[in-house]
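Just protein00.txt here, compact mmCIF, C-alpha atoms (C1' of nucleotides):
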```
# COMPACT_ATOMS: atom_id res chain seq x y z
CA MET A 1 37.39 7.36 71.85
CA PHE A 2 37.63 6.24 68.27
CA ASN A 3 34.33 6.83 66.62
CA ARG A 4 32.94 9.11 63.98
CA HIS A 5 33.56 12.15 66.13
CA PHE A 6 37.20 11.33 66.52
CA PRO A 7 38.20 9.85 63.21
CA PRO A 8 40.39 6.79 63.39
CA PHE A 9 43.95 6.30 62.40
CA GLU A 10 44.14 6.65 58.64
CA ARG A 11 46.93 4.90 56.90
CA HIS A 12 46.38 5.84 53.28
CA SER A 13 48.80 3.19 52.19
CA ARG A 14 48.77 -0.51 52.39
CA LEU A 15 51.00 -2.67 54.42
CA PHE A 16 50.47 -5.75 52.29
CA GLU A 17 50.87 -5.88 48.57
CA LYS A 18 47.96 -7.05 46.59
CA GLY A 19 47.60 -10.77 46.84
CA ASP A 20 50.05 -11.24 49.71
CA LEU A 21 47.55 -11.57 52.49
CA LYS A 22 46.53 -15.09 51.55
CA TYR A 23 50.08 -16.34 52.01
CA VAL A 24 50.30 -14.80 55.46
CA ILE A 25 47.00 -16.32 56.48
CA LEU A 26 47.87 -19.76 55.13
CA ASN A 27 51.18 -19.60 56.92
CA LEU A 28 49.42 -18.89 60.21
CA LEU A 29 46.89 -21.67 59.65
CA LYS A 30 49.76 -24.05 58.98
CA ASP A 31 50.64 -23.71 62.66
CA LYS A 32 47.18 -23.75 64.14
CA PRO A 33 43.55 -23.95 63.02
CA SER A 34 41.93 -20.64 63.98
CA HIS A 35 38.92 -18.37 64.03
CA GLY A 36 39.02 -15.40 61.73
CA TYR A 37 39.34 -13.20 64.77
CA GLU A 38 42.29 -15.25 66.03
CA ILE A 39 44.07 -14.72 62.73
CA ILE A 40 43.52 -10.99 63.07
CA ARG A 41 44.90 -11.10 66.57
CA ALA A 42 47.90 -13.21 65.63
CA MET A 43 48.84 -10.72 62.95
CA GLU A 44 48.32 -7.84 65.28
CA ASP A 45 50.75 -9.51 67.68
CA THR A 46 53.27 -9.97 64.92
CA PHE A 47 53.31 -6.21 64.53
CA HIS A 48 53.18 -5.55 68.25
CA GLY A 49 49.91 -3.72 67.93
CA PHE A 50 51.13 -1.22 65.34
CA TYR A 51 49.20 -2.80 62.53
CA THR A 52 45.96 -4.73 62.48
CA PRO A 53 44.61 -6.37 59.35
CA SER A 54 41.09 -5.39 58.44
CA ALA A 55 38.27 -7.87 59.00
CA GLY A 56 37.09 -6.57 55.63
CA SER A 57 39.97 -8.36 53.96
CA VAL A 58 40.61 -11.26 56.30
CA TYR A 59 37.15 -12.79 56.10
CA PRO A 60 36.80 -12.58 52.34
CA THR A 61 40.30 -13.97 51.95
CA LEU A 62 39.44 -16.89 54.20
CA GLN A 63 36.34 -17.51 52.13
CA MET A 64 38.37 -17.37 48.94
CA LEU A 65 40.91 -19.84 50.33
CA ASP A 66 38.03 -22.10 51.30
CA ASP A 67 36.61 -21.86 47.76
CA MET A 68 40.06 -22.74 46.40
CA GLY A 69 40.29 -25.79 48.60
CA TYR A 70 43.35 -24.60 50.49
CA VAL A 71 41.38 -24.17 53.69
CA SER A 72 38.39 -25.91 55.19
CA SER A 73 36.05 -24.57 57.79
CA SER A 74 33.95 -26.14 60.47
CA GLU A 75 31.45 -24.53 62.74
CA ARG A 76 31.34 -24.98 66.46
CA ASP A 77 29.14 -23.07 68.89
CA GLY A 78 28.17 -20.77 66.06
CA LYS A 79 31.81 -19.88 65.44
CA LYS A 80 33.96 -20.88 62.52
CA ILE A 81 37.32 -22.63 62.73
CA TYR A 82 39.49 -22.53 59.64
CA THR A 83 41.97 -25.36 59.00
CA ILE A 84 44.59 -25.63 56.28
CA THR A 85 44.11 -28.56 53.90
CA GLU A 86 46.77 -30.79 52.37
CA GLU A 87 46.31 -28.84 49.15
CA GLY A 88 46.95 -25.68 51.10
CA LYS A 89 50.12 -27.10 52.60
CA LYS A 90 51.32 -28.13 49.17
CA PHE A 91 50.56 -24.68 47.81
CA LEU A 92 52.53 -23.14 50.65
CA LYS A 93 55.50 -25.37 49.95
CA ASP A 94 55.37 -24.56 46.24
CA GLN A 95 55.31 -20.86 47.02
CA LYS A 96 58.08 -20.99 49.56
CA ASP A 97 60.09 -18.13 48.09
CA VAL A 98 57.07 -15.80 47.89
CA ILE A 99 56.50 -16.41 51.57
CA GLU A 100 60.13 -15.76 52.43
CA LYS A 101 59.95 -12.48 50.51
CA ILE A 102 56.82 -11.44 52.44
CA LYS A 103 58.40 -12.40 55.73
CA GLY A 104 61.37 -10.27 54.85
CA GLN A 105 59.13 -7.31 54.08
CA MET A 106 57.27 -7.73 57.34
CA LYS A 107 60.55 -7.85 59.18
CA ASP A 108 61.79 -4.75 57.40
CA TRP A 109 58.64 -2.88 58.21
CA TRP A 110 59.05 -3.69 61.83
CA GLY A 111 62.68 -2.93 62.46
CA PRO A 112 64.65 -4.64 65.23
CA ARG A 113 63.28 -2.54 67.96
CA ASP A 114 62.34 -2.61 71.57
CA HIS A 115 58.64 -2.10 71.30
CA GLU A 116 58.11 -1.86 75.03
CA GLU A 117 59.41 1.70 74.99
CA PHE A 118 57.01 2.59 72.23
CA HIS A 119 54.12 1.06 74.06
CA GLU A 120 54.98 2.97 77.17
CA SER A 121 54.96 6.34 75.47
CA ILE A 122 51.88 5.62 73.42
CA ARG A 123 50.24 4.50 76.63
CA GLU A 124 51.17 7.78 78.29
CA LEU A 125 49.54 9.67 75.45
CA ARG A 126 46.57 7.42 75.57
CA ASN A 127 46.13 7.78 79.29
CA LEU A 128 46.21 11.52 78.83
CA GLY A 129 43.60 11.35 76.11
CA ARG A 130 41.51 9.16 78.32
CA LEU A 131 41.71 11.54 81.21
CA ILE A 132 40.67 14.43 79.02
CA HIS A 133 37.91 12.39 77.50
CA GLN A 134 36.57 11.48 80.89
CA LYS A 135 36.66 15.03 82.21
CA ALA A 136 35.71 16.91 79.11
CA HIS A 137 32.00 16.77 79.64
CA ASN A 138 31.90 19.06 82.61
CA MET A 139 35.17 20.93 82.71
CA ALA A 140 35.45 24.55 83.77
CA PRO A 141 36.03 26.90 80.82
CA GLU A 142 39.16 28.58 82.22
CA LYS A 143 40.85 25.29 82.97
CA TRP A 144 39.94 23.96 79.60
CA LYS A 145 41.51 26.98 77.96
CA ASP A 146 44.79 26.30 79.76
CA ILE A 147 44.68 22.66 78.80
CA ARG A 148 43.96 23.39 75.18
CA GLU A 149 46.94 25.68 74.98
CA ALA A 150 49.17 23.12 76.60
CA ILE A 151 47.97 20.46 74.19
CA SER A 152 48.63 22.61 71.14
CA ARG A 153 52.06 23.62 72.34
CA SER A 154 53.03 20.07 73.20
CA CYS A 155 51.85 18.67 69.91
CA ARG A 156 53.79 21.28 67.99
CA GLU A 157 56.92 20.59 69.99
CA ILE A 158 56.76 16.86 69.42
CA GLU A 159 55.90 17.19 65.77
CA ASP A 160 58.87 19.50 65.36
CA ILE A 161 61.17 16.87 66.78
CA MET A 162 59.68 14.30 64.48
CA GLY A 163 59.94 16.57 61.50
CA LYS A 164 63.66 17.07 61.94
CA GLU A 165 65.66 14.87 59.66
CA MET B 1 45.66 2.04 67.67
CA PHE B 2 43.15 0.65 70.12
CA ASN B 3 43.81 -2.99 70.46
CA ARG B 4 45.18 -5.31 73.07
CA HIS B 5 48.59 -3.70 72.90
CA PHE B 6 47.16 -0.31 73.64
CA PRO B 7 44.30 -0.98 75.99
CA PRO B 8 41.14 0.93 75.29
CA PHE B 9 39.50 3.65 77.24
CA GLU B 10 38.31 2.13 80.48
CA ARG B 11 35.43 3.74 82.23
CA HIS B 12 34.94 1.51 85.24
CA SER B 13 31.70 3.22 85.96
CA ARG B 14 28.44 3.27 84.20
CA LEU B 15 26.85 6.11 82.46
CA PHE B 16 23.39 4.61 82.61
CA GLU B 17 21.75 3.32 85.72
CA LYS B 18 20.62 -0.22 85.69
CA GLY B 19 17.48 -0.58 83.70
CA ASP B 20 17.58 2.88 82.13
CA LEU B 21 18.95 1.86 78.77
CA LYS B 22 15.68 0.40 77.58
CA TYR B 23 13.92 3.71 78.00
CA VAL B 24 16.57 5.52 76.00
CA ILE B 25 16.34 2.97 73.23
CA LEU B 26 12.56 3.01 73.11
CA ASN B 27 12.62 6.78 73.01
CA LEU B 28 14.91 6.69 70.01
CA LEU B 29 12.80 4.08 68.24
CA LYS B 30 9.75 6.26 68.80
CA ASP B 31 11.27 8.69 66.33
CA LYS B 32 12.60 6.26 63.80
CA PRO B 33 12.80 2.51 63.21
CA SER B 34 16.49 1.61 63.28
CA HIS B 35 19.23 -0.97 63.10
CA GLY B 36 21.00 -1.82 66.32
CA TYR B 37 24.06 -0.09 64.97
CA GLU B 38 22.02 3.03 64.16
CA ILE B 39 20.84 3.17 67.75
CA ILE B 40 24.43 2.99 68.93
CA ARG B 41 25.37 5.76 66.57
CA ALA B 42 22.43 7.94 67.55
CA MET B 43 23.40 7.69 71.18
CA GLU B 44 27.00 8.38 70.37
CA ASP B 45 25.85 11.53 68.62
CA THR B 46 23.80 12.56 71.62
CA PHE B 47 27.02 12.56 73.63
CA HIS B 48 29.06 14.11 70.84
CA GLY B 49 31.31 11.13 70.68
CA PHE B 50 32.29 11.17 74.33
CA TYR B 51 30.25 8.11 75.19
CA THR B 52 29.25 5.14 73.12
CA PRO B 53 26.89 2.47 74.42
CA SER B 54 28.22 -1.03 74.21
CA ALA B 55 26.87 -3.39 71.58
CA GLY B 56 27.04 -5.90 74.44
CA SER B 57 24.11 -4.16 76.10
CA VAL B 58 22.27 -2.65 73.17
CA TYR B 59 21.60 -5.88 71.31
CA PRO B 60 20.43 -7.87 74.32
CA THR B 61 18.24 -4.95 75.35
CA LEU B 62 16.67 -4.83 71.91
CA GLN B 63 16.03 -8.54 72.12
CA MET B 64 14.48 -8.14 75.52
CA LEU B 65 12.22 -5.35 74.29
CA ASP B 66 11.22 -7.59 71.39
CA ASP B 67 10.40 -10.42 73.81
CA MET B 68 8.33 -7.98 75.84
CA GLY B 69 6.39 -6.91 72.80
CA TYR B 70 7.48 -3.26 72.98
CA VAL B 71 9.54 -3.60 69.82
CA SER B 72 9.24 -5.66 66.69
CA SER B 73 11.97 -6.55 64.28
CA SER B 74 12.05 -7.29 60.60
CA GLU B 75 14.96 -8.45 58.54
CA ARG B 76 16.01 -6.92 55.28
CA ASP B 77 19.15 -7.74 53.33
CA GLY B 78 20.34 -9.77 56.28
CA LYS B 79 20.06 -6.75 58.57
CA LYS B 80 17.55 -6.17 61.30
CA ILE B 81 15.32 -3.15 61.64
CA TYR B 82 13.70 -2.57 65.02
CA THR B 83 10.37 -0.74 65.24
CA ILE B 84 8.48 0.37 68.32
CA THR B 85 5.05 -1.23 68.76
CA GLU B 86 1.86 0.39 70.01
CA GLU B 87 2.48 -1.39 73.30
CA GLY B 88 5.91 0.17 73.40
CA LYS B 89 4.49 3.61 72.77
CA LYS B 90 1.97 3.13 75.53
CA PHE B 91 4.71 1.97 77.89
CA LEU B 92 6.71 5.06 77.04
CA LYS B 93 3.79 7.30 77.74
CA ASP B 94 3.12 5.55 81.05
CA GLN B 95 6.75 6.01 82.03
CA LYS B 96 6.97 9.60 80.97
CA ASP B 97 8.50 10.86 84.21
CA VAL B 98 11.19 8.16 84.25
CA ILE B 99 12.21 9.25 80.80
CA GLU B 100 12.28 12.89 81.78
CA LYS B 101 14.52 12.01 84.72
CA ILE B 102 16.91 10.14 82.44
CA LYS B 103 16.94 12.96 79.94
CA GLY B 104 17.83 15.31 82.76
CA GLN B 105 20.70 13.09 83.81
CA MET B 106 22.00 12.87 80.28
CA LYS B 107 21.84 16.60 79.97
CA ASP B 108 23.63 17.06 83.27
CA TRP B 109 26.35 14.66 82.21
CA TRP B 110 26.91 16.66 79.12
CA GLY B 111 27.02 20.20 80.36
CA PRO B 112 26.12 23.12 78.11
CA ARG B 113 29.36 23.21 76.28
CA ASP B 114 30.87 23.95 72.95
CA HIS B 115 32.08 20.52 71.96
CA GLU B 116 33.83 21.72 68.85
CA GLU B 117 36.71 22.99 70.96
CA PHE B 118 36.99 19.65 72.66
CA HIS B 119 36.97 17.83 69.39
CA GLU B 120 39.67 20.07 68.05
CA SER B 121 42.04 19.43 70.92
CA ILE B 122 41.33 15.73 71.09
CA ARG B 123 41.95 15.65 67.37
CA GLU B 124 45.28 17.34 67.84
CA LEU B 125 46.25 14.70 70.36
CA ARG B 126 45.01 12.02 68.11
CA ASN B 127 46.86 13.32 65.10
CA LEU B 128 49.99 13.31 67.18
CA GLY B 129 49.38 9.78 68.30
CA ARG B 130 48.77 8.79 64.73
CA LEU B 131 51.97 10.34 63.53
CA ILE B 132 53.94 8.53 66.19
CA HIS B 133 52.16 5.32 65.46
CA GLN B 134 53.00 5.59 61.80
CA LYS B 135 56.64 6.38 62.36
CA ALA B 136 57.36 4.22 65.36
CA HIS B 137 58.27 1.14 63.42
CA ASN B 138 61.48 2.49 62.01
CA MET B 139 62.42 5.54 64.00
CA ALA B 140 66.02 6.36 64.90
CA PRO B 141 66.83 5.66 68.55
CA GLU B 142 68.13 9.12 69.38
CA LYS B 143 65.11 10.86 67.96
CA TRP B 144 62.84 8.49 69.73
CA LYS B 145 64.53 9.28 73.01
CA ASP B 146 63.88 13.02 72.51
CA ILE B 147 60.27 12.35 71.61
CA ARG B 148 59.68 10.11 74.57
CA GLU B 149 60.99 12.75 76.93
CA ALA B 150 58.80 15.38 75.33
CA ILE B 151 55.77 13.15 75.60
CA SER B 152 56.35 12.44 79.28
CA ARG B 153 56.93 16.07 80.10
CA SER B 154 53.86 17.21 78.19
CA CYS B 155 51.62 14.61 79.74
CA ARG B 156 52.77 15.57 83.20
CA GLU B 157 52.19 19.23 82.50
CA ILE B 158 48.68 18.71 81.22
CA GLU B 159 47.79 16.30 83.98
CA ASP B 160 48.99 18.84 86.51
CA ILE B 161 46.67 21.45 85.07
CA MET B 162 43.82 18.99 85.17
CA GLY B 163 44.63 17.95 88.72
CA LYS B 164 44.32 21.48 90.01
CA GLU B 165 41.05 22.13 91.70
C1' DT C 1 57.13 6.32 26.90
C1' DG C 2 53.93 8.69 29.57
C1' DA C 3 49.06 9.26 30.49
C1' DT C 4 44.72 7.27 31.30
C1' DG C 5 41.43 3.76 32.52
C1' DG C 6 40.05 -0.44 34.61
C1' DA C 7 40.42 -4.19 37.82
C1' DT C 8 41.24 -5.93 42.19
C1' DA C 9 42.34 -6.64 46.81
C1' DA C 10 43.42 -4.24 51.29
C1' DC C 11 41.30 -0.96 54.10
C1' DG C 12 37.55 1.14 56.61
C1' DA C 13 32.58 1.42 57.68
C1' DT C 14 28.45 -0.82 58.63
C1' DA C 15 26.03 -4.31 61.04
C1' DT C 16 25.22 -8.32 63.97
C1' DA C 17 25.47 -11.13 68.23
C1' DT C 18 27.11 -13.64 72.48
C1' DC C 19 30.06 -14.43 76.35
C1' DG C 20 32.85 -12.85 80.23
C1' DT C 21 33.54 -9.07 83.57
C1' DA C 22 32.48 -5.58 86.67
C1' DA C 23 29.59 -2.08 88.71
C1' DC C 24 26.00 -1.42 91.63
C1' DA C 25 21.50 -2.05 93.78
C1' DT C 26 19.12 -4.86 96.85
C1' DA C 27 18.50 -8.54 100.13
C1' DT C 28 20.11 -10.98 103.96
C1' DC C 29 22.65 -11.78 108.07
C1' DA C 30 25.08 -10.88 112.34
C1' DT D 1 23.33 -0.73 111.43
C1' DG D 2 27.19 -2.30 108.95
C1' DA D 3 29.01 -6.21 106.50
C1' DT D 4 28.37 -9.67 103.21
C1' DA D 5 26.10 -12.13 99.48
C1' DT D 6 23.41 -12.23 95.40
C1' DG D 7 21.31 -10.86 91.19
C1' DT D 8 21.14 -8.07 87.23
C1' DT D 9 22.43 -5.14 83.68
C1' DA D 10 25.93 -2.04 81.43
C1' DC D 11 30.44 -2.59 79.80
C1' DG D 12 34.15 -4.78 77.31
C1' DA D 13 35.96 -8.75 74.66
C1' DT D 14 35.26 -12.10 71.31
C1' DA D 15 33.58 -13.31 66.85
C1' DT D 16 31.33 -12.91 62.38
C1' DA D 17 30.39 -10.93 57.78
C1' DT D 18 29.36 -7.66 53.90
C1' DC D 19 29.46 -3.32 51.56
C1' DG D 20 31.68 1.01 50.19
C1' DT D 21 36.19 3.25 49.43
C1' DT D 22 40.75 3.63 48.07
C1' DA D 23 45.40 2.43 46.87
C1' DT D 24 47.90 0.34 43.53
C1' DC D 25 48.96 -2.61 39.81
C1' DC D 26 48.44 -3.65 35.07
C1' DA D 27 46.68 -2.96 30.46
C1' DT D 28 45.76 0.04 26.82
C1' DC D 29 46.22 4.03 24.08
C1' DA D 30 48.23 8.09 21.95
```

Let's see the structure in the file written out as structure tokens.
Amino acid sequence: MFNRHFPPFERHSRLFEKGDLKYVILNLLKDKPSHGYEIIRAMEDTFHGFYTPSAGSVYPTLQMLDDMGYVSSSERDGKKIYTITEEGKKFLKDQKDVIEKIKGQMKDWWGPRDHEEFHESIRELRNLGRLIHQKAHNMAPEKWKDIREAISRSCREIEDIMGKE
Amino acid sequence: MFNRHFPPFERHSRLFEKGDLKYVILNLLKDKPSHGYEIIRAMEDTFHGFYTPSAGSVYPTLQMLDDMGYVSSSERDGKKIYTITEEGKKFLKDQKDVIEKIKGQMKDWWGPRDHEEFHESIRELRNLGRLIHQKAHNMAPEKWKDIREAISRSCREIEDIMGKE
DNA sequence: TGATGGATAACGATATATCGTAACATATCA
DNA sequence: TGATATGTTACGATATATCGTTATCCATCA
């Protein structure tokens, strides 16, 4: 459902400050050698699905860390595993307070919150979107009119609640 | 917003019959040599964004067509362009009625319909989802409760309309 | 000091490819 | 003939990587 016809979630602001991503990645690799994709997934989990780092930054950052000697990579079955080096571990230790600051920011961004409730409601919305998406291609005009009106009304109502301060 | 925490649209049924995809792809290549990704996009456009073929089938099918000699590929800037061969054109011509049947099915799937209205309403839903997604991480509990209730009620209402026959 | 320009890294789009899963058609068996 | 098994391909997940865009920081200038 997310493609050029239904433009994706647009953030228009960055979650990570410039230069911070490499610390996060190194910190993850400290625990476990990983594929690029696994790093993306691990970060996604950290934010309970509400943020996903872009492959466009993760892969170049991994390459940069490799160039700097903080990470090494090996290829297996055509897939790359990245491993932190001793230099990388030393760098991490030296930058301990930067990492603590970043961790704090990540924690602040994701408040102490029961994300299951969020997931449930987003899932409800998603299921609805899915249903509409599945039926849209051959829906009767009158029914569609009713549905469109209900969608508009509902969206306005919910946005009003959210707008209230 | 579509990731493992918010499972993607699940079709659980195929749009194309087994073996039909290769005809669709060849037909597209007849008009224009393309990247795999361009073929995916062209098909997505055909269905106005309501269906997207899987890379998991498109790429192997292109490879198969290459193996069969109906398509040739050349690489430029690390990216592959697929071009229909004379054999492929002949095969297309020989299978003209199969292709007409498939075209008919595609047309039937996508009824004569003004998709702009669909897009608009899906967009509204999406914008709502986006707003929630952006605010979820630090929303006040009481407000969230109100929003959750509104979401559930709205979804039920719309699903009820859709359920009516 | 505020405005402007430039640099850079995170984000988003483009592009590739394979493996695992499931739908579904066909063959086989009772 | 209906039930079961098998094979195959579309779908979905995993995995990679680069280019174009944009947000944002920092430097420079007036």

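What chain B places within 7 Å of chain C, counting only C-alpha atoms (C1' of nucleotides), is Ser13, Tyr37 and Lys79 of chain B.
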
Could I have chain B as a tab-separated table (two decimals) with C-alpha atoms, in the coordinates of the input after it is superimposed on chain A by least squares, pairing all C-alpha atoms in sequence order?
```tsv
chain	number	residue	atom	x	y	z
B	1	MET	CA	37.33	7.43	71.79
B	2	PHE	CA	37.61	6.22	68.22
B	3	ASN	CA	34.33	6.83	66.58
B	4	ARG	CA	32.95	9.13	63.96
B	5	HIS	CA	33.54	12.16	66.12
B	6	PHE	CA	37.18	11.34	66.48
B	7	PRO	CA	38.14	9.80	63.19
B	8	PRO	CA	40.30	6.74	63.40
B	9	PHE	CA	43.86	6.24	62.40
B	10	GLU	CA	44.02	6.56	58.65
B	11	ARG	CA	46.79	4.82	56.85
B	12	HIS	CA	46.07	5.64	53.23
B	13	SER	CA	48.62	3.12	52.17
B	14	ARG	CA	48.73	-0.58	52.37
B	15	LEU	CA	50.97	-2.66	54.43
B	16	PHE	CA	50.48	-5.75	52.32
B	17	GLU	CA	50.89	-5.88	48.60
B	18	LYS	CA	47.98	-7.04	46.61
B	19	GLY	CA	47.61	-10.75	46.86
B	20	ASP	CA	50.08	-11.23	49.71
B	21	LEU	CA	47.56	-11.54	52.50
B	22	LYS	CA	46.55	-15.05	51.55
B	23	TYR	CA	50.07	-16.31	52.02
B	24	VAL	CA	50.31	-14.76	55.46
B	25	ILE	CA	47.02	-16.29	56.47
B	26	LEU	CA	47.88	-19.73	55.14
B	27	ASN	CA	51.20	-19.58	56.92
B	28	LEU	CA	49.44	-18.86	60.19
B	29	LEU	CA	46.91	-21.64	59.65
B	30	LYS	CA	49.77	-24.04	59.00
B	31	ASP	CA	50.64	-23.68	62.66
B	32	LYS	CA	47.19	-23.71	64.13
B	33	PRO	CA	43.57	-23.94	63.02
B	34	SER	CA	41.94	-20.64	63.97
B	35	HIS	CA	38.94	-18.36	64.02
B	36	GLY	CA	39.01	-15.38	61.71
B	37	TYR	CA	39.34	-13.18	64.75
B	38	GLU	CA	42.29	-15.24	66.01
B	39	ILE	CA	44.06	-14.70	62.72
B	40	ILE	CA	43.53	-10.97	63.06
B	41	ARG	CA	44.89	-11.07	66.56
B	42	ALA	CA	47.89	-13.18	65.62
B	43	MET	CA	48.84	-10.71	62.94
B	44	GLU	CA	48.32	-7.82	65.28
B	45	ASP	CA	50.72	-9.51	67.66
B	46	THR	CA	53.27	-9.97	64.91
B	47	PHE	CA	53.30	-6.19	64.52
B	48	HIS	CA	53.15	-5.55	68.25
B	49	GLY	CA	49.91	-3.72	67.91
B	50	PHE	CA	51.12	-1.22	65.35
B	51	TYR	CA	49.18	-2.78	62.51
B	52	THR	CA	45.96	-4.71	62.47
B	53	PRO	CA	44.61	-6.34	59.33
B	54	SER	CA	41.10	-5.38	58.45
B	55	ALA	CA	38.29	-7.85	59.00
B	56	GLY	CA	37.10	-6.52	55.64
B	57	SER	CA	39.97	-8.34	53.95
B	58	VAL	CA	40.61	-11.23	56.29
B	59	TYR	CA	37.16	-12.78	56.09
B	60	PRO	CA	36.81	-12.56	52.32
B	61	THR	CA	40.32	-13.95	51.95
B	62	LEU	CA	39.46	-16.88	54.19
B	63	GLN	CA	36.37	-17.50	52.12
B	64	MET	CA	38.39	-17.36	48.95
B	65	LEU	CA	40.93	-19.83	50.33
B	66	ASP	CA	38.04	-22.10	51.29
B	67	ASP	CA	36.63	-21.86	47.76
B	68	MET	CA	40.07	-22.72	46.41
B	69	GLY	CA	40.30	-25.77	48.60
B	70	TYR	CA	43.38	-24.57	50.50
B	71	VAL	CA	41.39	-24.15	53.70
B	72	SER	CA	38.42	-25.89	55.19
B	73	SER	CA	36.07	-24.55	57.79
B	74	SER	CA	33.97	-26.14	60.47
B	75	GLU	CA	31.48	-24.50	62.73
B	76	ARG	CA	31.35	-24.95	66.46
B	77	ASP	CA	29.15	-23.04	68.87
B	78	GLY	CA	28.19	-20.74	66.04
B	79	LYS	CA	31.84	-19.86	65.42
B	80	LYS	CA	33.98	-20.87	62.51
B	81	ILE	CA	37.33	-22.60	62.73
B	82	TYR	CA	39.51	-22.52	59.63
B	83	THR	CA	42.00	-25.33	58.99
B	84	ILE	CA	44.61	-25.61	56.27
B	85	THR	CA	44.13	-28.54	53.89
B	86	GLU	CA	46.79	-30.78	52.38
B	87	GLU	CA	46.32	-28.83	49.16
B	88	GLY	CA	46.97	-25.66	51.09
B	89	LYS	CA	50.13	-27.08	52.59
B	90	LYS	CA	51.34	-28.12	49.18
B	91	PHE	CA	50.58	-24.67	47.80
B	92	LEU	CA	52.56	-23.14	50.63
B	93	LYS	CA	55.50	-25.35	49.95
B	94	ASP	CA	55.36	-24.55	46.23
B	95	GLN	CA	55.32	-20.85	47.03
B	96	LYS	CA	58.07	-20.98	49.58
B	97	ASP	CA	60.09	-18.13	48.10
B	98	VAL	CA	57.08	-15.80	47.90
B	99	ILE	CA	56.49	-16.38	51.57
B	100	GLU	CA	60.11	-15.75	52.42
B	101	LYS	CA	59.94	-12.47	50.51
B	102	ILE	CA	56.84	-11.41	52.44
B	103	LYS	CA	58.40	-12.39	55.73
B	104	GLY	CA	61.38	-10.25	54.84
B	105	GLN	CA	59.14	-7.30	54.10
B	106	MET	CA	57.29	-7.72	57.35
B	107	LYS	CA	60.54	-7.86	59.20
B	108	ASP	CA	61.81	-4.77	57.43
B	109	TRP	CA	58.63	-2.90	58.25
B	110	TRP	CA	59.10	-3.69	61.86
B	111	GLY	CA	62.72	-2.91	62.48
B	112	PRO	CA	64.67	-4.60	65.26
B	113	ARG	CA	63.31	-2.52	68.02
B	114	ASP	CA	62.34	-2.62	71.62
B	115	HIS	CA	58.62	-2.11	71.35
B	116	GLU	CA	58.10	-1.88	75.08
B	117	GLU	CA	59.38	1.69	75.04
B	118	PHE	CA	56.99	2.57	72.28
B	119	HIS	CA	54.11	1.02	74.11
B	120	GLU	CA	54.97	2.93	77.22
B	121	SER	CA	54.96	6.30	75.53
B	122	ILE	CA	51.88	5.60	73.47
B	123	ARG	CA	50.24	4.50	76.68
B	124	GLU	CA	51.17	7.75	78.33
B	125	LEU	CA	49.55	9.64	75.48
B	126	ARG	CA	46.58	7.43	75.63
B	127	ASN	CA	46.16	7.79	79.36
B	128	LEU	CA	46.23	11.52	78.87
B	129	GLY	CA	43.64	11.34	76.15
B	130	ARG	CA	41.53	9.17	78.37
B	131	LEU	CA	41.72	11.56	81.25
B	132	ILE	CA	40.67	14.43	79.05
B	133	HIS	CA	37.93	12.39	77.53
B	134	GLN	CA	36.57	11.53	80.93
B	135	LYS	CA	36.66	15.06	82.22
B	136	ALA	CA	35.71	16.96	79.11
B	137	HIS	CA	32.00	16.79	79.66
B	138	ASN	CA	31.93	19.09	82.63
B	139	MET	CA	35.21	20.93	82.74
B	140	ALA	CA	35.47	24.59	83.75
B	141	PRO	CA	36.06	26.91	80.80
B	142	GLU	CA	39.17	28.57	82.17
B	143	LYS	CA	40.87	25.30	82.94
B	144	TRP	CA	39.96	23.97	79.58
B	145	LYS	CA	41.54	26.97	77.93
B	146	ASP	CA	44.84	26.31	79.75
B	147	ILE	CA	44.72	22.65	78.79
B	148	ARG	CA	43.99	23.36	75.18
B	149	GLU	CA	46.96	25.68	74.95
B	150	ALA	CA	49.20	23.11	76.57
B	151	ILE	CA	48.00	20.43	74.20
B	152	SER	CA	48.65	22.56	71.13
B	153	ARG	CA	52.07	23.58	72.31
B	154	SER	CA	53.06	20.03	73.18
B	155	CYS	CA	51.85	18.61	69.91
B	156	ARG	CA	53.77	21.22	67.98
B	157	GLU	CA	56.91	20.53	69.96
B	158	ILE	CA	56.76	16.80	69.42
B	159	GLU	CA	55.87	17.14	65.77
B	160	ASP	CA	58.84	19.43	65.31
B	161	ILE	CA	61.15	16.82	66.75
B	162	MET	CA	59.64	14.22	64.48
B	163	GLY	CA	59.89	16.48	61.46
B	164	LYS	CA	63.61	16.91	61.87
B	165	GLU	CA	65.59	14.76	59.54
```

Subject >> Within 12 Å of chain D: residues of chain A, using all atoms listed in the file, as JSON, numbers by chain >> reply: {"A": [10, 11, 12, 13, 14, 15, 16, 17, 18, 19, 34, 35, 36, 37, 38, 39, 40, 41, 55, 56, 57, 58, 59, 60, 61, 62, 63, 75, 76, 77, 78, 79, 80, 81]}

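Distance-wise, CA of Lys30 in chain A and CA of Ile84 in chain A end up 6.0 Å apart.
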
**OP:** One decimal, Å: what's the distance from CA of Arg148 in chain B over to CA of Ser121 in chain A, could you say?
**Re:**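 One can read the CA of Arg148 in chain B to CA of Ser121 in chain A distance as 6.1 Å.
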
**OP:** Work out how far apart CA of Lys145 in chain A and CA of Asp160 in chain B are and give it in Å to one decimal.
**Re:**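 CA of Asp160 in chain B lies at a distance of 14.0 Å from CA of Lys145 in chain A.
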
Original post:
Using only C-alpha atoms, which of the listed residues (A:Lys135, A:Lys107, A:Arg130, A:Lys89) sits closest to Leu28 in chain A?
Top reply: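 The answer is A:Lys89, which sits nearest to Leu28 in chain A.
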
Subject >> Pick from A:His137, A:Lys22, A:Arg156, A:Lys103 nearest to chain B, counting only C-alpha atoms >> reply: A:His137

Original post:
Counting only C-alpha atoms, which of B:Ile161, B:Met68, B:Ile102, B:Ile25 gets nearest to chain A?
Top reply: B:Ile161
